[in-house]
Each structure stands twice: as C-alpha cells, then as structure tokens.
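What follows is a short report on a single structure.
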Amino acid sequence: SLRRSPEMLRSLGTAALRSRVLSKASSPILRIGAIADVGAALALMHSQRVGALLVTDSSGAGPSRAAGFAPECAPVGILTERDILEKVEFDAPLASVCVAEIMTGHSEMSFAAADDSLDEVLSRMQAGGFRHMPILRGGLAVGIVSMRDVAHAIVEMSEGEAAKAAASVSAADLCTARSRTINLGSLARPSCIEAPPSSSVADAVLLMRQWGAGSVLVPSRGSSVGASRRACGIFTERDYIRLLGSAAALDQTIDPRQVELSRCCTAASELVSATATTPAIQCLATMARARIRHLLVMREEEVDPSFELGESDEPPAPPALLAVLSARDVLAQFLPSPSAAEFAATL
C-alpha cells in the first residue's frame, strides 16, 4: 500500500494541476511601498490575513498612498511572513525599519506567467521554499498564487478514478513518505519542534530560524509534548505576525523576548487535527478550508478493555501525537514528478 501511495496521489495531481495558474489565483494583490515602515506592513498583513505583500517603488508617494489593494502593479520585491520571522531584530522599533531593508528583492523572486500550469508553479514553489508567487503579464503583476490556491485546485478534483484511488491514501502514509525524506544523515532534523510553555516568543522564533521551521509545539502540561500527549498548542509564523501586527496597528511596540509563549500560541482546544487513518485528500481539504498550514496527526490507540467493562477507574489516555504535517509536506506528494516530490519534501 505504501509503495503505491505516492503514485495514487501523483495521478490525482497530474489531473488537477493542468489548470492555468491565473484561473486559480484567488489571493488579492496587496501592495506596500518600499519606503513604508515594517510596522505599517505588519498591520496590513494582520488586518487582511495575508502572508505576503508585493512591494512597489513608492518614490514620490507617501507610504499610506502606496499601500493597499491593487488590480496590478510593478513589484520591486515581496515581503513575506518568513522575511519578518528571520530578519526583524527583536529590539528593533518597527516604525524605524523600512520594508526595503528586509524584503525579498526582485532578483531573488520567482514569477509565474499567466499561462503557466499549476504543476509548474507548485514545483518551483517547493524547490524555492516559498508559498506565494506573483503572476506577471507584460511586466506587471496581475495576480498572486498561493499554496492554498493549489490545494483548493486539487481538492476540487473530487470525481474520477484518480480521486477514488487517492482516497485510499491516509495521513499515516503521508507521515511515512515524509519521514523517508527528512532523515538524511547529517541533514536529519526533527519532524516536530517543541518549546516549553515558559519560553518566550523570542525563544520560539530562534528555534524556528535554527530549523527553518514554520511552527513550534507548546506542551500544555508537562515539560514535553511526549508527556503532554495531545494537550499541546502550536506557535506558527501566522501567530507571530498576529502578535506584532496587532501591536503595530495600535502604534505600540512589543519585545518578543518579554512575551511568554503560552500567551500567544494557538491553544490545544483550538487546534485542528487528523487521525492516522484520515484520507490524505481530506487532510489537504481541512487545511485549505481552515486556512492552516500545519496539521497535527494523532495516533489512534486501542482502548483498554477493562475500562469498557467498567473495571477500571482510569480513563483511557488521549491519543499521542504521530507527526505534524505542513501544507508543503502534503502538496509535495501530489507533484506529478516523483523526483520533484522527493526533493521538495526535504526542504
């Protein structure tokens, strides 16, 4: 079954990702001027719930007039959640840092043409390690496609033999496929990164920078996720943007080194999770619908028979965490090219 799993998902990916990218791009173009301050950018990203802003040359225009929605624009760069996470110093006043100082510049960006297929775009996203790609026509950005758009395109392909075959692939199969590619000798890294609840937000950010990760697990009880079992929260790049963006919107400054991690992570009661037997396509649909990029997969454990018979006063232990799957992990398995999927999963 595991040997056939990647082929089943690739067949669905081949069918679903033939569409032209511009027809599936649903993310609005939000722009910010290069001379605008990072605080204004964070406030805009937080209020509009977006993970990227296109940066334009705002010479001769005030930052406020160069920010907001645009039908098209000529980008000089892009500002993403990852740029914020990795490049903003903890003690830097956000109002004193220009967007141009931390953005990903034009020469480092990757662009899609309006008639590119989704599989071409997804392959480049996975290889480049980014989640948003501007779509150019005549030198102007006329749209921006995100990994969520790609996920929706695959989920919409719910009929046909390819979809039926893909439904037999489970979350456990995805976890197995992922574990085969991340354990690469000296490049081995943990599938789940955790930080004690007493840690500061800055501690979590430093861990995410160290491992190139988009999330950190936060045990709700006990000193580790293993001891906490299911009772754990999660801190993501989006949580970091929410913390900084909400403060920036009120013209306040906040020092991540002074904020306790447990205060601003997504709580265990709010987490969306799957079980090991949840179909892979359902995992992807859940992530796209809930607008999340990390899905906890819980191991299904047998209930103690003595508890069912009323012979034990101890309730069954909650299911333990099997792995945390990212949207990148899941989408990598739908790439039509096996080599592309294997390479993308190592990023």
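Lettering and numbering for the structure tokens are positional, with chains as A, B, ... in the shown order, residues counted from 1 in each chain, and ligands counted from 1 in the shown order.
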
Within 8 Å of Pro197 (chain A), counting only C-alpha atoms, which residues show up once you throw out same-chain ones fewer than 5 positions away? Write them as a PDB file with N, CA, C and O atoms, in the first residue's frame, please.
```
ATOM      1  N   VAL A 218       3.889  23.584  21.649  1.00  0.00           N
ATOM      2  CA  VAL A 218       3.989  24.097  23.013  1.00  0.00           C
ATOM      3  C   VAL A 218       3.172  23.189  23.936  1.00  0.00           C
ATOM      4  O   VAL A 218       1.942  23.207  23.883  1.00  0.00           O
ATOM      5  N   PRO A 219       3.812  22.356  24.774  1.00  0.00           N
ATOM      6  CA  PRO A 219       3.067  21.463  25.661  1.00  0.00           C
ATOM      7  C   PRO A 219       2.170  22.255  26.613  1.00  0.00           C
ATOM      8  O   PRO A 219       2.568  23.289  27.139  1.00  0.00           O
ATOM      9  N   SER A 220       0.946  21.757  26.797  1.00  0.00           N
ATOM     10  CA  SER A 220       0.020  22.422  27.713  1.00  0.00           C
ATOM     11  C   SER A 220       0.216  21.951  29.140  1.00  0.00           C
ATOM     12  O   SER A 220      -0.108  22.646  30.094  1.00  0.00           O
ATOM     13  N   GLU A 260       5.524  35.795  27.057  1.00  0.00           N
ATOM     14  CA  GLU A 260       5.517  34.358  27.307  1.00  0.00           C
ATOM     15  C   GLU A 260       4.832  33.631  26.159  1.00  0.00           C
ATOM     16  O   GLU A 260       3.761  34.020  25.707  1.00  0.00           O
ATOM     17  N   LEU A 261       5.456  32.580  25.688  1.00  0.00           N
ATOM     18  CA  LEU A 261       4.977  31.850  24.514  1.00  0.00           C
ATOM     19  C   LEU A 261       3.559  31.318  24.688  1.00  0.00           C
ATOM     20  O   LEU A 261       2.751  31.373  23.756  1.00  0.00           O
ATOM     21  N   SER A 262       3.249  30.814  25.870  1.00  0.00           N
ATOM     22  CA  SER A 262       1.924  30.215  26.104  1.00  0.00           C
ATOM     23  C   SER A 262       0.795  31.221  25.983  1.00  0.00           C
ATOM     24  O   SER A 262      -0.363  30.838  25.785  1.00  0.00           O
TER      25      SER A 262
END
```

### Task
Run DSSP on the backbone and give me the residues of region 215-285 of chain A it puts in strand (DSSP E), as a list in words.
Ser215, Val216, Leu217, Val218, Pro219, Cys232, Gly233, Ile234, Phe235, Thr236, Ser273, Ala274 and Thr275 of chain A

### Task
Would you please give, as a PyMOL selection string, all residues of region 36-233 of chain A that DSSP assigns to alpha helix (DSSP H) based on the backbone?
chain A and resi 38-48+81-87+99-102+118-128+147-156+161-166+171-182+201-211+225-228

Per residue of region 255-308 of chain A within 12 Å of region 37-53 of chain A, record the nearest atom pair and its distance in Å to one decimal, counting only C-alpha atoms, with rows in chain order and ascending residue number, as CSV.
```
residue,atom,partner,partner_atom,distance
A:Arg291,CA,A:Arg49,CA,9.7
A:Ile292,CA,A:Gly51,CA,11.5
A:Arg293,CA,A:Gly51,CA,11.2
```

Restricted to C-alpha atoms, what would the selected residues look like written as an mmCIF file, in the first residue's frame?
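The result, written out as part.cif:
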```cif
data_model
loop_
_atom_site.group_PDB
_atom_site.id
_atom_site.type_symbol
_atom_site.label_atom_id
_atom_site.label_comp_id
_atom_site.auth_asym_id
_atom_site.auth_seq_id
_atom_site.Cartn_x
_atom_site.Cartn_y
_atom_site.Cartn_z
ATOM 1 C CA ARG A 291 -6.661 28.325 6.444
ATOM 2 C CA ILE A 292 -3.960 26.480 8.379
ATOM 3 C CA ARG A 293 -0.543 25.294 7.236
#
```

### Task
Take CA of Ala166 (chain A) and CA of Arg289 (chain A) and report the distance between them in Å, one decimal.
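Those two atoms sit 18.9 Å apart.
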
#### Entry: Minimum-distance residue to Met157 (chain A), chosen among A:Ser19, A:Thr56, A:Ser27, A:Thr278 (using only C-alpha atoms)
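Closest to Met157 (chain A), using only C-alpha atoms: A:Ser19.
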
Would you mind listing what lies within 12 Å of Glu108 (chain A) as a PDB file with N, CA and C atoms, in the first residue's frame, with only C-alpha atoms counted and same-chain residues fewer than 2 positions away left out?
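Generated output (result05.pdb):
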```
ATOM      1  N   VAL A  76       8.871  45.515  -6.952  1.00  0.00           N
ATOM      2  CA  VAL A  76      10.328  45.558  -6.821  1.00  0.00           C
ATOM      3  C   VAL A  76      10.794  44.541  -5.781  1.00  0.00           C
ATOM      4  N   GLY A  77       9.829  43.895  -5.153  1.00  0.00           N
ATOM      5  CA  GLY A  77      10.152  42.884  -4.155  1.00  0.00           C
ATOM      6  C   GLY A  77       8.879  42.301  -3.565  1.00  0.00           C
ATOM      7  N   ILE A  78       9.038  41.414  -2.593  1.00  0.00           N
ATOM      8  CA  ILE A  78       7.904  40.824  -1.896  1.00  0.00           C
ATOM      9  C   ILE A  78       8.275  40.713  -0.419  1.00  0.00           C
ATOM     10  N   LEU A  79       7.316  40.994   0.447  1.00  0.00           N
ATOM     11  CA  LEU A  79       7.521  40.875   1.887  1.00  0.00           C
ATOM     12  C   LEU A  79       6.656  39.733   2.394  1.00  0.00           C
ATOM     13  N   MET A 103      12.804  43.020   2.807  1.00  0.00           N
ATOM     14  CA  MET A 103      12.028  42.318   1.788  1.00  0.00           C
ATOM     15  C   MET A 103      12.916  41.371   0.977  1.00  0.00           C
ATOM     16  N   THR A 104      12.281  40.455   0.277  1.00  0.00           N
ATOM     17  CA  THR A 104      12.968  39.641  -0.727  1.00  0.00           C
ATOM     18  C   THR A 104      12.974  40.449  -2.021  1.00  0.00           C
ATOM     19  N   GLY A 105      14.144  40.782  -2.507  1.00  0.00           N
ATOM     20  CA  GLY A 105      14.249  41.662  -3.665  1.00  0.00           C
ATOM     21  C   GLY A 105      13.830  41.013  -4.969  1.00  0.00           C
ATOM     22  N   HIS A 106      13.627  41.841  -5.973  1.00  0.00           N
ATOM     23  CA  HIS A 106      13.156  41.397  -7.289  1.00  0.00           C
ATOM     24  C   HIS A 106      14.050  40.310  -7.876  1.00  0.00           C
ATOM     25  N   SER A 110      10.700  34.634  -7.694  1.00  0.00           N
ATOM     26  CA  SER A 110      10.318  33.769  -8.814  1.00  0.00           C
ATOM     27  C   SER A 110       8.922  34.180  -9.251  1.00  0.00           C
ATOM     28  N   PHE A 111       8.715  34.269 -10.558  1.00  0.00           N
ATOM     29  CA  PHE A 111       7.436  34.727 -11.100  1.00  0.00           C
ATOM     30  C   PHE A 111       6.820  33.650 -11.973  1.00  0.00           C
ATOM     31  N   GLY A 128      11.878  26.245  -4.376  1.00  0.00           N
ATOM     32  CA  GLY A 128      12.378  27.513  -3.842  1.00  0.00           C
ATOM     33  C   GLY A 128      12.063  27.744  -2.383  1.00  0.00           C
ATOM     34  N   PHE A 130       9.092  28.644  -1.010  1.00  0.00           N
ATOM     35  CA  PHE A 130       8.193  29.764  -0.740  1.00  0.00           C
ATOM     36  C   PHE A 130       6.749  29.376  -1.028  1.00  0.00           C
ATOM     37  N   MET A 133       3.591  33.251  -5.188  1.00  0.00           N
ATOM     38  CA  MET A 133       4.284  33.575  -6.436  1.00  0.00           C
ATOM     39  C   MET A 133       3.457  34.583  -7.231  1.00  0.00           C
TER      40      MET A 133
END
```

### Query
Which residues, written as number ranges by chain, have at least one atom at most 12 Å from Thr266 (chain A), with only C-alpha atoms counted and residues fewer than 2 positions away on the same chain left out?
A: 197, 215-220, 231-240, 242-243, 261-264, 268-272, 292, 294

### Query
Using only C-alpha atoms, which of the listed residues (A:Ser224, A:Thr176, A:Ser117, A:Thr14) sits closest to Asp329 (chain A)?
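Among the listed residues, the smallest separation from Asp329 (chain A) belongs to A:Thr176.
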
### Message
Using only C-alpha atoms, can you tell me which of A:Leu207, A:Ala92, A:Leu335, A:Ala112 comes closest to Asp255 (chain A)?
### Response
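Residue with the minimum atom-to-atom distance to Asp255 (chain A): A:Ala92.
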
### Query
Quick one: distance from CA of Leu322 (chain A) to CA of Ser170 (chain A) in Å, one decimal?
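One can read the CA of Leu322 (chain A) to CA of Ser170 (chain A) distance as 12.9 Å.
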
### Query
With only C-alpha atoms as the atoms that count, which of A:Leu12, A:Met109, A:Ala213, A:Val225 lies nearest to Arg124 (chain A)?
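Result for the nearest residue to Arg124 (chain A): A:Met109.
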
#### Entry: Selection: 6 Å around region 68-75 of chain A, only C-alpha atoms, excl. self and same-chain fewer than 4 positions, as a PyMOL selection string
chain A and resi 29-31+54-56+140-142

### Query
Got a sec: who's within 9 Å of Asp203 (chain A), counting only C-alpha atoms, leaving out chain neighbours fewer than 6 positions off, as an NGL selection string?
:A and (195 or 256-257 or 261)

## Note on the structure
In Å and to one decimal, CA of Gln210 (chain A) is distant from CA of Asp91 (chain A) by 18.9 Å
